[in-house]
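Only one structure is covered here, and it is reproduced in the block below.
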Amino acid sequence: MQPESGIKTWQWVVTAIVIVVLVVAGVMAWGGKSSQAPTTSDTTAAGDSGATAGAVNSIIMADQYPGNVVYVSSVQLSQPGWVVIHEDNKGQPGAIIGETYSGTGINPVKVILTSPMIDGQAYYAMLHSDNGDKKFDVSVDLPLKDQNGNIIMKMFHASASAGASVKG
């Protein structure tokens, strides 16, 4: 007869399987992901804008209620810069009607406009650099570009159906 050891063989096997599963899950959760966010036309990596290579600049927002305020859900900047609102000029960004400074990181942004948005009209929220003085000057605080040379911007519309949460 064999003496009892306290822990049976099946308990050792189950313990070993649980440990292997936990190690594999940990490697999949922390070791297999890239640290760079996915890129789209509205969320793009900074290119020749002076930002560091691989840094991500992006803008996320919805259509806005007509009025004098634009609420941007999320602005991500690798260096401090500007969120600039442009009127539409035949399908392209036109006159600037508002701008707000934003620091690095991911932030919600509120832009006060110099003229109100009109229901049904298109507008553009564009990211611009800052030359370090925290004063917007369109001639030196240039639009930020993605890795393909495209300006980072988001077209949106003023719409009375946008909802009370985005009323300006």
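Chain identifiers are assigned as A, B, and so on, following the order in which chains appear in the structure tokens; residues are numbered from 1 within each chain, and ligands are numbered from 1 in order of appearance.
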Spatial neighbours of Val69 of chain A, max dist 7 Å, only C-alpha atoms, sep filter under 6 positions, as a ChimeraX atom specification: /A:110-113,168
Selection export as a CSV table (one decimal), in the first residue's frame, atoms kept: C-alpha atoms:
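So result37.csv came out as:
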chain,number,residue,atom,x,y,z
A,110,LYS,CA,-15.6,73.5,-26.6
A,111,VAL,CA,-15.2,76.1,-29.4
A,112,ILE,CA,-17.0,79.4,-29.2
A,113,LEU,CA,-17.8,80.7,-32.7
A,168,GLY,CA,-24.7,75.6,-28.6
All residues 7 Å or closer to segment 83-95 of chain A, only C-alpha atoms, same chain fewer than 5 positions away omitted, as number ranges by chain: A: 100-101, 122-128
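Nearest to Tyr65 of chain A of all the residues A:Phe136, A:Trp82, A:Trp12, A:Phe156 is A:Phe156, based on only C-alpha atoms.
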Test item: residues at most 9 Å from Asn131 of chain A, only C-alpha atoms, excluding those fewer than 6 positions along its chain, as number ranges by chain: A: 81, 137, 140-142
Atom CA of Gly98 of chain A to atom CA of Asp146 of chain A, straight-line distance in Å: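 Distance between the two atoms: 22.3 Å.
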Interatomic distance, atom CA of Val72 of chain A to atom CA of Gly120 of chain A (Å, one decimal):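 Between atom CA of Val72 of chain A and atom CA of Gly120 of chain A the gap is 18.3 Å.
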Shell of 7 Å around Ala162 of chain A, only C-alpha atoms, local chain residues under 2 positions omitted, as a list in words: Asp63, Gln64, Tyr65, Ser159, Ala160 and Val166 of chain A
Using N, CA and C atoms, can you export the residues from the last selection as a compact mmCIF listing (two decimals), in the first residue's frame?
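Result file follows (result_35.txt):
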# COMPACT_ATOMS: atom_id res chain seq x y z
N ASP A 63 -22.42 65.59 -35.54
CA ASP A 63 -23.10 66.78 -36.02
C ASP A 63 -23.51 67.63 -34.82
N GLN A 64 -23.66 68.92 -35.04
CA GLN A 64 -23.88 69.89 -33.97
C GLN A 64 -25.23 70.58 -34.12
N TYR A 65 -25.79 70.98 -33.00
CA TYR A 65 -27.00 71.79 -33.00
C TYR A 65 -26.62 73.19 -33.46
N SER A 159 -27.31 70.73 -37.42
CA SER A 159 -28.59 70.09 -37.63
C SER A 159 -29.46 70.23 -36.38
N ALA A 160 -30.67 70.73 -36.57
CA ALA A 160 -31.60 70.88 -35.46
C ALA A 160 -31.94 69.53 -34.84
N VAL A 166 -25.85 68.56 -27.66
CA VAL A 166 -24.86 69.33 -28.41
C VAL A 166 -25.38 70.71 -28.77
Nearest candidate to Leu144 of chain A (options A:Pro80, A:Val14, A:Ala62, A:Ser73; using only C-alpha atoms):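 Among the listed residues, the smallest separation from Leu144 of chain A belongs to A:Pro80.
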Nearest-residue call for Ile151 of chain A, choices A:Ile60, A:Val70, A:Thr104, A:Ser129, using only C-alpha atoms: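 Among the listed residues, A:Ser129 lies closest to Ile151 of chain A.
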Which residues in segment 74-165 of chain A does DSSP call strand (DSSP E or B)? List them as a compact mmCIF listing (two decimals) with N, CA and C atoms, in the first residue's frame.
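Written file, out_15.txt:
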# COMPACT_ATOMS: atom_id res chain seq x y z
N SER A 74 -13.73 64.43 -28.69
CA SER A 74 -12.37 64.02 -28.33
C SER A 74 -11.36 64.60 -29.32
N VAL A 75 -10.37 65.29 -28.77
CA VAL A 75 -9.24 65.77 -29.56
C VAL A 75 -8.01 65.13 -28.95
N GLN A 76 -7.21 64.49 -29.78
CA GLN A 76 -5.95 63.92 -29.32
C GLN A 76 -4.82 64.62 -30.04
N LEU A 77 -3.92 65.22 -29.26
CA LEU A 77 -2.77 65.93 -29.82
C LEU A 77 -1.48 65.43 -29.18
N GLY A 81 -1.90 72.35 -29.46
CA GLY A 81 -2.32 72.90 -30.75
C GLY A 81 -3.70 73.51 -30.67
N TRP A 82 -4.32 73.65 -31.81
CA TRP A 82 -5.59 74.34 -31.95
C TRP A 82 -6.63 73.49 -32.64
N VAL A 83 -7.88 73.62 -32.19
CA VAL A 83 -9.04 73.09 -32.91
C VAL A 83 -9.67 74.30 -33.56
N VAL A 84 -9.73 74.28 -34.89
CA VAL A 84 -10.20 75.44 -35.66
C VAL A 84 -11.44 75.04 -36.44
N ILE A 85 -12.49 75.85 -36.34
CA ILE A 85 -13.74 75.58 -37.06
C ILE A 85 -13.80 76.47 -38.30
N HIS A 86 -14.03 75.82 -39.44
CA HIS A 86 -14.11 76.51 -40.74
C HIS A 86 -15.52 76.38 -41.29
N GLU A 87 -15.99 77.42 -41.97
CA GLU A 87 -17.21 77.33 -42.76
C GLU A 87 -16.91 76.50 -44.00
N ASP A 88 -17.95 76.04 -44.66
CA ASP A 88 -17.80 75.31 -45.92
C ASP A 88 -17.70 76.30 -47.08
N ASN A 89 -16.77 76.03 -48.00
CA ASN A 89 -16.62 76.83 -49.21
C ASN A 89 -16.60 75.88 -50.39
N GLN A 92 -14.95 72.57 -49.49
CA GLN A 92 -13.61 72.71 -48.91
C GLN A 92 -13.70 73.62 -47.68
N PRO A 93 -12.74 73.52 -46.74
CA PRO A 93 -12.75 74.44 -45.61
C PRO A 93 -12.61 75.89 -46.09
N GLY A 94 -13.45 76.75 -45.54
CA GLY A 94 -13.43 78.17 -45.91
C GLY A 94 -13.01 79.04 -44.74
N ALA A 95 -13.77 80.11 -44.53
CA ALA A 95 -13.45 81.10 -43.50
C ALA A 95 -13.44 80.47 -42.11
N ILE A 96 -12.53 80.94 -41.28
CA ILE A 96 -12.43 80.49 -39.89
C ILE A 96 -13.45 81.24 -39.06
N ILE A 97 -14.27 80.48 -38.29
CA ILE A 97 -15.29 81.13 -37.45
C ILE A 97 -15.08 80.82 -35.96
N GLY A 98 -14.02 80.14 -35.62
CA GLY A 98 -13.74 79.87 -34.21
C GLY A 98 -12.51 79.00 -34.04
N GLU A 99 -11.84 79.16 -32.89
CA GLU A 99 -10.68 78.34 -32.58
C GLU A 99 -10.52 78.26 -31.07
N THR A 100 -9.97 77.12 -30.61
CA THR A 100 -9.71 76.90 -29.19
C THR A 100 -8.41 76.14 -29.06
N TYR A 101 -7.61 76.58 -28.09
CA TYR A 101 -6.32 75.94 -27.78
C TYR A 101 -6.59 74.65 -27.02
N SER A 102 -5.78 73.62 -27.30
CA SER A 102 -5.88 72.35 -26.59
C SER A 102 -4.48 71.84 -26.28
N GLY A 105 -2.46 65.23 -25.28
CA GLY A 105 -3.30 64.17 -24.74
C GLY A 105 -4.66 64.15 -25.40
N ILE A 106 -5.59 63.49 -24.72
CA ILE A 106 -6.95 63.35 -25.22
C ILE A 106 -7.87 64.23 -24.37
N ASN A 107 -8.57 65.16 -25.02
CA ASN A 107 -9.42 66.11 -24.31
C ASN A 107 -10.70 66.38 -25.06
N PRO A 108 -11.82 66.62 -24.34
CA PRO A 108 -13.00 67.18 -25.00
C PRO A 108 -12.74 68.66 -25.19
N VAL A 109 -13.33 69.26 -26.23
CA VAL A 109 -13.07 70.67 -26.53
C VAL A 109 -14.38 71.37 -26.84
N LYS A 110 -14.49 72.61 -26.35
CA LYS A 110 -15.63 73.48 -26.64
C LYS A 110 -15.09 74.69 -27.38
N VAL A 111 -15.65 74.97 -28.58
CA VAL A 111 -15.21 76.10 -29.39
C VAL A 111 -16.35 77.11 -29.49
N ILE A 112 -16.07 78.35 -29.06
CA ILE A 112 -17.04 79.44 -29.19
C ILE A 112 -16.83 80.08 -30.57
N ALA A 122 -22.68 72.67 -43.84
CA ALA A 122 -21.50 71.86 -43.50
C ALA A 122 -20.42 72.76 -42.91
N TYR A 123 -19.63 72.19 -42.01
CA TYR A 123 -18.52 72.89 -41.36
C TYR A 123 -17.37 71.90 -41.21
N TYR A 124 -16.20 72.41 -40.89
CA TYR A 124 -15.02 71.57 -40.73
C TYR A 124 -14.33 71.90 -39.41
N ALA A 125 -14.01 70.87 -38.64
CA ALA A 125 -13.16 71.01 -37.45
C ALA A 125 -11.78 70.52 -37.88
N MET A 126 -10.77 71.38 -37.76
CA MET A 126 -9.43 71.09 -38.25
C MET A 126 -8.42 71.27 -37.12
N LEU A 127 -7.41 70.40 -37.10
CA LEU A 127 -6.34 70.52 -36.12
C LEU A 127 -5.21 71.37 -36.69
N HIS A 128 -4.74 72.33 -35.91
CA HIS A 128 -3.62 73.19 -36.28
C HIS A 128 -2.53 73.10 -35.23
N SER A 129 -1.31 73.33 -35.62
CA SER A 129 -0.18 73.37 -34.69
C SER A 129 -0.23 74.66 -33.89
N PRO A 143 -2.12 73.88 -40.38
CA PRO A 143 -2.88 72.64 -40.21
C PRO A 143 -1.94 71.44 -40.01
N LYS A 145 -0.98 67.52 -40.40
CA LYS A 145 -1.18 66.55 -41.48
C LYS A 145 -0.88 65.15 -40.98
N ASP A 146 -1.52 64.17 -41.62
CA ASP A 146 -1.27 62.78 -41.27
C ASP A 146 -0.04 62.28 -42.02
N ILE A 151 -4.56 66.81 -44.49
CA ILE A 151 -4.89 67.64 -43.33
C ILE A 151 -5.85 66.85 -42.43
N MET A 153 -8.81 66.63 -40.28
CA MET A 153 -10.03 67.41 -40.07
C MET A 153 -11.23 66.48 -40.09
N LYS A 154 -12.35 67.00 -39.61
CA LYS A 154 -13.60 66.26 -39.58
C LYS A 154 -14.70 67.18 -40.08
N MET A 155 -15.39 66.76 -41.14
CA MET A 155 -16.53 67.53 -41.63
C MET A 155 -17.74 67.16 -40.77
N PHE A 156 -18.55 68.16 -40.43
CA PHE A 156 -19.78 67.92 -39.69
C PHE A 156 -20.84 68.89 -40.19
N HIS A 157 -22.07 68.65 -39.80
CA HIS A 157 -23.19 69.50 -40.21
C HIS A 157 -23.87 70.11 -38.98
N ALA A 158 -24.43 71.29 -39.17
CA ALA A 158 -25.31 71.88 -38.17
C ALA A 158 -26.69 71.31 -38.45
Selected residue, from A:Thr15, A:Thr9, A:Gln79, A:Ser58, that lies nearest to Lys134 of chain A when counting only C-alpha atoms: A:Gln79
Two-atom distance - atom CA of Asn68 of chain A, atom CA of Val56 of chain A (Å):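 Atom CA of Asn68 of chain A sits 28.8 Å away from atom CA of Val56 of chain A.
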